[in-house]
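Undergrad: This structure is in structure tokens; I'll ask about it shortly.
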Amino acid sequence: MTTLGTGVLRVRHWPRAHPLALDAALALAVLVAMIAGSFTHPVAGEGLAFAGRTPSVSSLLLMVCAAVALIWRRRRPLAVLSVTAGLTVVQLVRSDPPTSVVVSTVIALYTVAARTDRPTTWRVGLLTMAVLTAAAMLFGHAPWYSQENFGVFAWTGMAGAAGDAVRSRRAFIDAIRERAERAERSRDAEARRRVAEERLRIARDLHDVVAHHIALVNVQAGVAAHVMDRRPDQAKEALAHVREASRSALDELRATVGLLRQSGDPEAPTEPAPGLAVLDGLVETVRRAGLPVEVVCADRRPPLPAAADLAAYRVIQEALTNVRKHAGPGAKAEVSVVRVGGTAEITVIDNGSGSGGDGGDGGGHGLLGMRERVTALGGTLTAGPRYGGGFRVHAILPVEARTVEPGEPGAAGRTGENA
């Protein structure tokens with residue numbers, strides 16, 4: 001079956017790959033038809049009689065020349081039509097009775113109509129019909145009103161109409177194919193964009209989870225190593241914090257990786273996504289790591305939309321992690337969450353002496369991830385040193401969260417806003 005199917009495909013594609021050979025075969029078939037038609041003549045009351053007449057040598061020569069010209073009908077359609085029409089006029093003027101050279105003109109006119117535009121088809125078709133019909137009526141052996149003369153008019157008209165219909169259908173099919181290909185390319189581009197956005201979101205989540213908890217583990221492990229010999233009780237407490245932070249990190253990583261490993265639609269999470277409702281737990285975790293944190297204002301009623309709530313939590317989490325990593329010893333932090341009209345403002349400040357972030361020469365992605373989260377919801381984020389020392393992270397989130405589409409005016413500017 002496979003061999004048979006391959007053979008059928010080859011037969012179907014062979015004419016497209018060898019158009020000149022196909023036209024040569026068509027020219028041979030037309031020549032045979034013209035020669036066969038030249039042996040017939042109409043008989044009153046009986047129709048057509050075969051072998052009732054014999055074509056002359058000049059008629060045979062005209063038929064051969066017209067058939068040979070059809071071989072190049074696709075490459076030079078107008079030139080072939082001119083040659084076949086001229087040979088037909090010669091045949092109508094000199095042959096008595098005339099032979100069927102007009103068949104070659106009909107095919108040539110069909111080709112012109114199928115391969116050119118409609119205005120050209122109208123101009124050339126009407127001119128061809130007028131010239132051939134006039135020649136048949138003026139120089140033919142039959143009366144000008146005979147059906148043979150009107151047959152020339154009808155056949156040339158039908159050839160032009162058929163060619164125009166074929167050209168219109170081809171243009172329609174090409175337009176449909178182009179539209180389908182364009183839609184396929186658009187779907188592929190949209191799929192790639194969504195994959196890139198999902199990878200970026202996963203990278204941000206993993207960075208937030210790992211950076212925060214590993215920073216706490218590093219701090220508590222350092223404390224335990226420092227006081228192990230002199231104050232074992234404090235070392236045990238620090239190691240307990242290490243165990244708790246590592247367990248939390250493993251739980252969040254397990255949940256994230258579990259979603260990635262599911263082949264179908266992910267099941268609903270058994271626990272809600274972190275938000276401002278668990279801000280106290282986050283602050284308490286950071287305090288146990290040795291960083292004094294004061295929540296000066298936490299406006300949580302009414303609750304933020306889910307996406308904005310998660311973004312606010314991650315911004316505070318990353319900002320506090322950066323304070324613990326970069327602010328230096330003796331630093332303190334303040335967290336503020338305020339609802340102002342249709343927006344929520346999140347502010348994290350510290351009085352440390354370090355850089356306060358990893359978005360500069362440190363090669364990290366903390367500030368970049370925060371800015372991407374906020375910008376994706378249509379908000380803005382600024383981060384930079386404070387006057388008089390320390391660092392400040394300030395995010396403004398819309399209460400009604402919206403997604404900024406790629407290419408929307410202002411999206412690129414907010415993403416690339418300097419800290």
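Numbering starts fresh at 1 for the residues of each chain in the structure tokens, the chains themselves are lettered A, B, ... in the order given, and ligands are numbered from 1 as they appear.
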Residues near segment 159-172 of chain A, anyone? I mean within 7 Å using only C-alpha atoms, not counting same-chain ones fewer than 4 positions away, as a PDB file with C-alpha atoms, in the first residue's frame.
TA:
```pdb
ATOM      1  CA  VAL A 106      -9.566  28.673 -27.993  1.00  0.00           C
ATOM      2  CA  ILE A 107      -6.972  26.930 -25.808  1.00  0.00           C
ATOM      3  CA  LEU A 109      -7.233  32.332 -25.088  1.00  0.00           C
ATOM      4  CA  TYR A 110      -8.148  30.148 -22.119  1.00  0.00           C
ATOM      5  CA  THR A 111      -4.499  30.196 -21.039  1.00  0.00           C
ATOM      6  CA  ALA A 113      -7.442  34.383 -19.207  1.00  0.00           C
ATOM      7  CA  ALA A 114      -6.209  31.909 -16.583  1.00  0.00           C
ATOM      8  CA  ARG A 115      -2.724  33.421 -16.212  1.00  0.00           C
ATOM      9  CA  ARG A 118      -9.200  40.391 -15.634  1.00  0.00           C
ATOM     10  CA  THR A 121      -8.626  39.089 -20.365  1.00  0.00           C
ATOM     11  CA  GLY A 125     -10.724  38.277 -25.388  1.00  0.00           C
ATOM     12  CA  TRP A 155     -16.215  29.056 -28.352  1.00  0.00           C
ATOM     13  CA  ILE A 176      -7.227  30.944   1.894  1.00  0.00           C
TER      14      ILE A 176
END
```
Undergrad: Taking the DSSP secondary structure from the backbone, can you list the residues of segment 64-171 of chain A that are helix (DSSP H, G or I), as a PyMOL selection string?
TA: chain A and resi 64-72+77-94+102-115+118-139+147-171
Undergrad: Report the distance between atom CA of Ala312 of chain A and atom CA of Phe391 of chain A in Å, rounded to one decimal place.
TA: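 So the two atoms, atom CA of Ala312 of chain A and atom CA of Phe391 of chain A, lie 17.9 Å apart.
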Undergrad: Excluding segment 275-278 of chain A and residues on its chain fewer than 6 positions from it, collect all residues at most 6 Å away from it, counting only C-alpha atoms, and give them as a list in words.
TA: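 Near neighbours after the sequence-gap exclusion: Asp309, Leu310 and Tyr313 of chain A.
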Undergrad: Might you pull out every residue within 12 Å of Glu284 of chain A, with only C-alpha atoms counted and same-chain residues fewer than 2 positions away left off, and present them as a list in words?
TA: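 Answer for this query is Leu216, His241, Ala245, Val278, Leu279, Asp280, Gly281, Leu282, Val286, Arg287, Arg288, Ala289, Gly290, Leu291, Pro292, Val293, Glu294, Val295, Gln317 and Leu320 of chain A.
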Undergrad: Taking 4 positions as the minimum chain separation for residues in the same chain, which residues sit within 9 Å of Cys65 of chain A when counting only C-alpha atoms? Answer as a PDB file with N, CA, C and O atoms, in the first residue's frame.
TA:
```pdb
ATOM      1  N   LEU A  60      -2.962  21.209 -43.303  1.00  0.00           N
ATOM      2  CA  LEU A  60      -2.192  20.396 -42.354  1.00  0.00           C
ATOM      3  C   LEU A  60      -1.013  21.180 -41.779  1.00  0.00           C
ATOM      4  O   LEU A  60      -0.701  21.087 -40.584  1.00  0.00           O
ATOM      5  N   LEU A  61      -0.354  21.973 -42.629  1.00  0.00           N
ATOM      6  CA  LEU A  61       0.775  22.768 -42.159  1.00  0.00           C
ATOM      7  C   LEU A  61       0.326  23.807 -41.132  1.00  0.00           C
ATOM      8  O   LEU A  61       0.988  24.028 -40.113  1.00  0.00           O
ATOM      9  N   ALA A  69       2.857  25.766 -31.495  1.00  0.00           N
ATOM     10  CA  ALA A  69       2.865  27.015 -30.711  1.00  0.00           C
ATOM     11  C   ALA A  69       2.278  26.807 -29.323  1.00  0.00           C
ATOM     12  O   ALA A  69       2.682  27.485 -28.357  1.00  0.00           O
ATOM     13  N   LEU A  70       1.363  25.859 -29.160  1.00  0.00           N
ATOM     14  CA  LEU A  70       0.747  25.620 -27.850  1.00  0.00           C
ATOM     15  C   LEU A  70       1.734  25.081 -26.823  1.00  0.00           C
ATOM     16  O   LEU A  70       1.458  25.123 -25.612  1.00  0.00           O
ATOM     17  N   VAL A  83      -0.041  34.137 -32.286  1.00  0.00           N
ATOM     18  CA  VAL A  83       0.327  33.218 -33.361  1.00  0.00           C
ATOM     19  C   VAL A  83      -0.859  32.358 -33.769  1.00  0.00           C
ATOM     20  O   VAL A  83      -1.179  32.225 -34.966  1.00  0.00           O
ATOM     21  N   THR A  84      -1.542  31.770 -32.800  1.00  0.00           N
ATOM     22  CA  THR A  84      -2.661  30.880 -33.138  1.00  0.00           C
ATOM     23  C   THR A  84      -3.817  31.653 -33.761  1.00  0.00           C
ATOM     24  O   THR A  84      -4.482  31.158 -34.687  1.00  0.00           O
ATOM     25  N   LEU A  87      -2.825  32.351 -37.352  1.00  0.00           N
ATOM     26  CA  LEU A  87      -2.974  31.152 -38.175  1.00  0.00           C
ATOM     27  C   LEU A  87      -4.443  30.826 -38.437  1.00  0.00           C
ATOM     28  O   LEU A  87      -4.808  30.356 -39.525  1.00  0.00           O
TER      29      LEU A  87
END
```
Undergrad: Hey, which of A:Arg76, A:Gly86, A:Met63, A:Glu198 ends up closest to Val30 of chain A? Count only C-alpha atoms.
TA: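 Of all the options, A:Met63 lies closest to Val30 of chain A.
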Undergrad: Tell me, in Å to one decimal, how far atom CA of Ala79 of chain A is from atom CA of Ile173 of chain A.
TA: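 Going from atom CA of Ala79 of chain A over to atom CA of Ile173 of chain A, I get 27.8 Å.
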Undergrad: Between atom CA of Val101 of chain A and atom CA of Ala33 of chain A, measure the distance and give it in Å to one decimal.
TA: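 So the two atoms, atom CA of Val101 of chain A and atom CA of Ala33 of chain A, lie 9.9 Å apart.
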Undergrad: Report as a list in words: the residues of segment 39-174 of chain A with a DSSP assignment of strand (DSSP E), based on the backbone of this structure.
TA: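 The residues of segment 39-174 of chain A classed as strand (DSSP E) are Thr40, His41, Pro42, Val43, Gly47, Leu48, Ala49 and Phe50 of chain A.
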Undergrad: Using only C-alpha atoms, which residues sit within 6 Å of segment 339-355 of chain A once same-chain residues fewer than 3 positions away are excluded, as a list in words?
TA: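 Contacts, with the query itself left out: His326, Ala327, Gly328, Ala331, Lys332, Ala333, Glu334, Val335, Ser336, Gly389, Gly390, Phe391, Arg392, Val393, His394, Ala395, Ile396, Leu397, Pro398 and Val399 of chain A.
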